[in-house]
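Novice: I have a structure here, written as structure tokens, and I will follow up with some questions on it.
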Amino acid sequence: MGDSTHGTPTEWVSRYLGVQEAAAYLNMSLRWMYRESQRHGLPRYYFGGKLRFKATDLDMWAQQQKVS
């Protein structure tokens with residue numbers, strides 16, 4: 001029940017994604033994620049020797065890119 005690797009979908013929303021997962025989530029290339037994400041203001045985290053992104057941050061960033 002309390003297994004940290006399995007949870008409800010709402011728990012997964014706030015988890016950290018690896019670069020490949022984040023790229024797939026945004027439908028962007030890995031190259032873009034590594035090279036352009038910082039320039040475009042995506043919140044990024046670095047721990048465990050790897051670049052990480054929070055799904056909730058990606059959603060908020062994407063909403064800010066809306067054009068009218």
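In the structure tokens, the first chain shown is A, the next is B, and so on; residue numbers restart at 1 for each chain, and ligands run from 1 in the order shown.
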With a distance cut-off of 8 Å and only C-alpha atoms, select the neighbouring residues of Leu30 in chain A, excluding the residue or stretch itself and same-chain residues fewer than 4 positions from it, and output the selection as a list of chain:residue names.

Specialist: A:Val19, A:Gln20, A:Ala23, A:Tyr34

Novice: For the residues in the current selection, export all heavy atoms as a short mmCIF file (atom, residue, chain, number, x, y, z; two decimals), in the first residue's frame.

Specialist:
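part_27.cif, written as the output of this step:
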data_model
loop_
_atom_site.label_atom_id
_atom_site.label_comp_id
_atom_site.auth_asym_id
_atom_site.auth_seq_id
_atom_site.Cartn_x
_atom_site.Cartn_y
_atom_site.Cartn_z
N VAL A 19 15.14 13.28 -18.41
CA VAL A 19 15.11 14.08 -19.63
C VAL A 19 14.30 13.39 -20.72
O VAL A 19 13.50 14.03 -21.41
CB VAL A 19 16.54 14.39 -20.12
CG1 VAL A 19 16.51 15.19 -21.40
CG2 VAL A 19 17.31 15.14 -19.07
N GLN A 20 14.48 12.11 -20.88
CA GLN A 20 13.76 11.39 -21.93
C GLN A 20 12.25 11.41 -21.66
O GLN A 20 11.45 11.64 -22.58
CB GLN A 20 14.26 9.95 -22.03
CG GLN A 20 13.75 9.23 -23.25
CD GLN A 20 14.54 7.97 -23.52
OE1 GLN A 20 15.40 7.56 -22.75
NE2 GLN A 20 14.26 7.35 -24.64
N ALA A 23 10.98 14.99 -22.31
CA ALA A 23 10.93 15.26 -23.75
C ALA A 23 9.68 14.62 -24.36
O ALA A 23 8.97 15.26 -25.14
CB ALA A 23 12.20 14.75 -24.43
N TYR A 34 17.95 19.27 -23.56
CA TYR A 34 19.27 19.57 -23.02
C TYR A 34 19.74 20.98 -23.36
O TYR A 34 20.26 21.69 -22.51
CB TYR A 34 20.31 18.57 -23.54
CG TYR A 34 20.30 17.25 -22.82
CD1 TYR A 34 19.90 16.09 -23.46
CD2 TYR A 34 20.71 17.15 -21.49
CE1 TYR A 34 19.90 14.87 -22.81
CE2 TYR A 34 20.72 15.93 -20.83
CZ TYR A 34 20.31 14.80 -21.50
OH TYR A 34 20.32 13.60 -20.84
#

Novice: Quick one: residues within 12 Å of Ala62 in chain A, only C-alpha atoms, excluding same-chain residues fewer than 3 positions away - as a ChimeraX atom specification?

Specialist: /A:25-28,37,40-43,55-59,65-67

Novice: So how far away is CA of Gln64 in chain A from CA of Glu21 in chain A, in Å?

Specialist: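 Answer for the CA of Glu21 in chain A to CA of Gln64 in chain A separation: 20.5 Å.
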
Novice: Show me, as a PDB file with N, CA and C atoms, in the first residue's frame, the residues that have an atom within 12 Å of Gly18 in chain A when counting only C-alpha atoms, minus same-chain residues fewer than 3 positions from it.

Specialist:
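Contents of around-v3.pdb, freshly written:
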ATOM      1  N   ARG A  15       5.823  14.104  -9.575  1.00  0.00           N
ATOM      2  CA  ARG A  15       7.103  13.416  -9.537  1.00  0.00           C
ATOM      3  C   ARG A  15       8.098  14.048 -10.502  1.00  0.00           C
ATOM      4  N   GLU A  21      11.846  11.212 -20.407  1.00  0.00           N
ATOM      5  CA  GLU A  21      10.426  11.258 -20.065  1.00  0.00           C
ATOM      6  C   GLU A  21       9.857  12.663 -20.276  1.00  0.00           C
ATOM      7  N   ALA A  22      10.618  13.670 -19.869  1.00  0.00           N
ATOM      8  CA  ALA A  22      10.163  15.056 -20.017  1.00  0.00           C
ATOM      9  C   ALA A  22      10.033  15.430 -21.496  1.00  0.00           C
ATOM     10  N   ALA A  23      10.983  14.988 -22.310  1.00  0.00           N
ATOM     11  CA  ALA A  23      10.928  15.263 -23.745  1.00  0.00           C
ATOM     12  C   ALA A  23       9.681  14.623 -24.355  1.00  0.00           C
ATOM     13  N   ALA A  24       9.399  13.394 -23.979  1.00  0.00           N
ATOM     14  CA  ALA A  24       8.204  12.714 -24.484  1.00  0.00           C
ATOM     15  C   ALA A  24       6.941  13.415 -23.990  1.00  0.00           C
ATOM     16  N   TYR A  25       6.949  13.855 -22.747  1.00  0.00           N
ATOM     17  CA  TYR A  25       5.799  14.544 -22.147  1.00  0.00           C
ATOM     18  C   TYR A  25       5.459  15.811 -22.924  1.00  0.00           C
ATOM     19  N   LEU A  30      15.174  15.212 -27.369  1.00  0.00           N
ATOM     20  CA  LEU A  30      16.143  15.207 -26.272  1.00  0.00           C
ATOM     21  C   LEU A  30      17.113  16.371 -26.428  1.00  0.00           C
ATOM     22  N   MET A  33      15.596  19.476 -25.114  1.00  0.00           N
ATOM     23  CA  MET A  33      15.521  19.454 -23.650  1.00  0.00           C
ATOM     24  C   MET A  33      16.869  19.821 -23.034  1.00  0.00           C
ATOM     25  N   TYR A  34      17.950  19.274 -23.563  1.00  0.00           N
ATOM     26  CA  TYR A  34      19.275  19.569 -23.018  1.00  0.00           C
ATOM     27  C   TYR A  34      19.737  20.982 -23.356  1.00  0.00           C
ATOM     28  N   ARG A  44      14.414  23.491 -14.083  1.00  0.00           N
ATOM     29  CA  ARG A  44      15.196  22.254 -14.178  1.00  0.00           C
ATOM     30  C   ARG A  44      15.834  21.964 -12.833  1.00  0.00           C
ATOM     31  N   TYR A  45      16.059  20.706 -12.572  1.00  0.00           N
ATOM     32  CA  TYR A  45      16.684  20.255 -11.332  1.00  0.00           C
ATOM     33  C   TYR A  45      17.832  19.326 -11.698  1.00  0.00           C
ATOM     34  N   TYR A  46      18.848  19.331 -10.870  1.00  0.00           N
ATOM     35  CA  TYR A  46      19.979  18.443 -11.118  1.00  0.00           C
ATOM     36  C   TYR A  46      20.311  17.751  -9.803  1.00  0.00           C
ATOM     37  N   PHE A  47      20.065  16.463  -9.771  1.00  0.00           N
ATOM     38  CA  PHE A  47      20.446  15.668  -8.603  1.00  0.00           C
ATOM     39  C   PHE A  47      20.626  14.228  -9.038  1.00  0.00           C
ATOM     40  N   GLY A  48      21.367  13.491  -8.256  1.00  0.00           N
ATOM     41  CA  GLY A  48      21.655  12.102  -8.622  1.00  0.00           C
ATOM     42  C   GLY A  48      22.458  12.010  -9.904  1.00  0.00           C
ATOM     43  N   GLY A  49      23.183  13.084 -10.236  1.00  0.00           N
ATOM     44  CA  GLY A  49      23.985  13.085 -11.454  1.00  0.00           C
ATOM     45  C   GLY A  49      23.172  13.214 -12.730  1.00  0.00           C
ATOM     46  N   LYS A  50      21.895  13.578 -12.600  1.00  0.00           N
ATOM     47  CA  LYS A  50      21.030  13.653 -13.775  1.00  0.00           C
ATOM     48  C   LYS A  50      20.160  14.897 -13.740  1.00  0.00           C
ATOM     49  N   LEU A  51      19.832  15.373 -14.921  1.00  0.00           N
ATOM     50  CA  LEU A  51      18.918  16.493 -15.085  1.00  0.00           C
ATOM     51  C   LEU A  51      17.494  15.968 -14.926  1.00  0.00           C
ATOM     52  N   ARG A  52      16.675  16.697 -14.181  1.00  0.00           N
ATOM     53  CA  ARG A  52      15.295  16.274 -13.918  1.00  0.00           C
ATOM     54  C   ARG A  52      14.333  17.437 -14.141  1.00  0.00           C
ATOM     55  N   PHE A  53      13.100  17.097 -14.388  1.00  0.00           N
ATOM     56  CA  PHE A  53      12.026  18.067 -14.570  1.00  0.00           C
ATOM     57  C   PHE A  53      10.817  17.580 -13.781  1.00  0.00           C
ATOM     58  N   LYS A  54      10.066  18.507 -13.212  1.00  0.00           N
ATOM     59  CA  LYS A  54       8.827  18.165 -12.526  1.00  0.00           C
ATOM     60  C   LYS A  54       7.665  18.305 -13.506  1.00  0.00           C
ATOM     61  N   ALA A  55       6.813  17.305 -13.545  1.00  0.00           N
ATOM     62  CA  ALA A  55       5.679  17.323 -14.474  1.00  0.00           C
ATOM     63  C   ALA A  55       4.801  18.550 -14.253  1.00  0.00           C
TER      64      ALA A  55
END

Novice: Out of range 34-67 of chain A, which residues get alpha helix (DSSP H) from DSSP, as an NGL selection string?

Specialist: :A and (34-35 or 55-64)

Novice: For all heavy atoms, I'd like the residues from the last selection saved as a CSV table (one decimal), in the first residue's frame.

Specialist:
chain,number,residue,atom,x,y,z
A,34,TYR,N,17.9,19.3,-23.6
A,34,TYR,CA,19.3,19.6,-23.0
A,34,TYR,C,19.7,21.0,-23.4
A,34,TYR,O,20.3,21.7,-22.5
A,34,TYR,CB,20.3,18.6,-23.5
A,34,TYR,CG,20.3,17.2,-22.8
A,34,TYR,CD1,19.9,16.1,-23.5
A,34,TYR,CD2,20.7,17.1,-21.5
A,34,TYR,CE1,19.9,14.9,-22.8
A,34,TYR,CE2,20.7,15.9,-20.8
A,34,TYR,CZ,20.3,14.8,-21.5
A,34,TYR,OH,20.3,13.6,-20.8
A,35,ARG,N,19.5,21.4,-24.6
A,35,ARG,CA,20.1,22.7,-25.1
A,35,ARG,C,19.2,23.9,-24.9
A,35,ARG,O,19.7,25.0,-24.6
A,35,ARG,CB,20.5,22.6,-26.5
A,35,ARG,CG,21.6,21.6,-26.8
A,35,ARG,CD,22.0,21.7,-28.2
A,35,ARG,NE,23.2,20.9,-28.4
A,35,ARG,CZ,23.9,20.8,-29.5
A,35,ARG,NH1,23.5,21.6,-30.5
A,35,ARG,NH2,25.0,20.1,-29.6
A,55,ALA,N,6.8,17.3,-13.5
A,55,ALA,CA,5.7,17.3,-14.5
A,55,ALA,C,4.8,18.6,-14.3
A,55,ALA,O,4.3,19.2,-15.2
A,55,ALA,CB,4.9,16.0,-14.3
A,56,THR,N,4.6,18.9,-13.0
A,56,THR,CA,3.7,20.1,-12.7
A,56,THR,C,4.4,21.4,-13.3
A,56,THR,O,3.7,22.3,-13.8
A,56,THR,CB,3.5,20.3,-11.2
A,56,THR,OG1,4.7,20.2,-10.5
A,56,THR,CG2,2.5,19.2,-10.7
A,57,ASP,N,5.7,21.5,-13.2
A,57,ASP,CA,6.4,22.6,-13.7
A,57,ASP,C,6.3,22.7,-15.3
A,57,ASP,O,6.1,23.7,-15.9
A,57,ASP,CB,7.9,22.6,-13.4
A,57,ASP,CG,8.2,22.9,-11.9
A,57,ASP,OD1,7.3,23.4,-11.2
A,57,ASP,OD2,9.3,22.5,-11.5
A,58,LEU,N,6.4,21.5,-15.9
A,58,LEU,CA,6.3,21.4,-17.4
A,58,LEU,C,4.9,21.9,-17.8
A,58,LEU,O,4.7,22.6,-18.8
A,58,LEU,CB,6.5,20.0,-17.9
A,58,LEU,CG,7.9,19.5,-17.6
A,58,LEU,CD1,8.0,18.0,-18.1
A,58,LEU,CD2,9.0,20.3,-18.3
A,59,ASP,N,3.8,21.5,-17.0
A,59,ASP,CA,2.5,21.9,-17.4
A,59,ASP,C,2.3,23.4,-17.2
A,59,ASP,O,1.7,24.1,-18.1
A,59,ASP,CB,1.5,21.2,-16.4
A,59,ASP,CG,1.3,19.7,-16.8
A,59,ASP,OD1,1.5,19.4,-18.0
A,59,ASP,OD2,0.9,19.0,-15.9
A,60,MET,N,2.8,24.0,-16.1
A,60,MET,CA,2.7,25.4,-15.9
A,60,MET,C,3.5,26.2,-17.0
A,60,MET,O,3.0,27.2,-17.5
A,60,MET,CB,3.3,25.8,-14.5
A,60,MET,CG,2.3,25.4,-13.4
A,60,MET,SD,2.7,26.1,-11.8
A,60,MET,CE,4.4,25.5,-11.6
A,61,TRP,N,4.7,25.7,-17.4
A,61,TRP,CA,5.5,26.4,-18.4
A,61,TRP,C,4.7,26.3,-19.8
A,61,TRP,O,4.6,27.3,-20.5
A,61,TRP,CB,6.8,25.7,-18.6
A,61,TRP,CG,7.6,26.3,-19.7
A,61,TRP,CD1,8.4,27.4,-19.7
A,61,TRP,CD2,7.7,25.7,-21.0
A,61,TRP,NE1,8.9,27.6,-20.9
A,61,TRP,CE2,8.5,26.6,-21.8
A,61,TRP,CE3,7.1,24.6,-21.7
A,61,TRP,CZ2,8.8,26.4,-23.1
A,61,TRP,CZ3,7.4,24.4,-23.0
A,61,TRP,CH2,8.3,25.3,-23.7
A,62,ALA,N,4.1,25.1,-20.1
A,62,ALA,CA,3.4,25.0,-21.3
A,62,ALA,C,2.2,25.9,-21.4
A,62,ALA,O,1.9,26.5,-22.5
A,62,ALA,CB,2.9,23.5,-21.5
A,63,GLN,N,1.5,26.1,-20.3
A,63,GLN,CA,0.4,27.0,-20.3
A,63,GLN,C,0.8,28.5,-20.5
A,63,GLN,O,0.1,29.2,-21.2
A,63,GLN,CB,-0.4,26.9,-18.9
A,63,GLN,CG,-1.2,25.7,-18.7
A,63,GLN,CD,-2.3,25.6,-19.7
A,63,GLN,OE1,-3.0,26.6,-20.0
A,63,GLN,NE2,-2.5,24.4,-20.3
A,64,GLN,N,2.0,28.8,-20.1
A,64,GLN,CA,2.5,30.2,-20.3
A,64,GLN,C,2.9,30.4,-21.8
A,64,GLN,O,3.0,31.6,-22.2
A,64,GLN,CB,3.7,30.4,-19.4
A,64,GLN,CG,3.4,30.4,-18.0
A,64,GLN,CD,4.6,30.4,-17.1
A,64,GLN,OE1,5.7,30.3,-17.6
A,64,GLN,NE2,4.4,30.6,-15.8
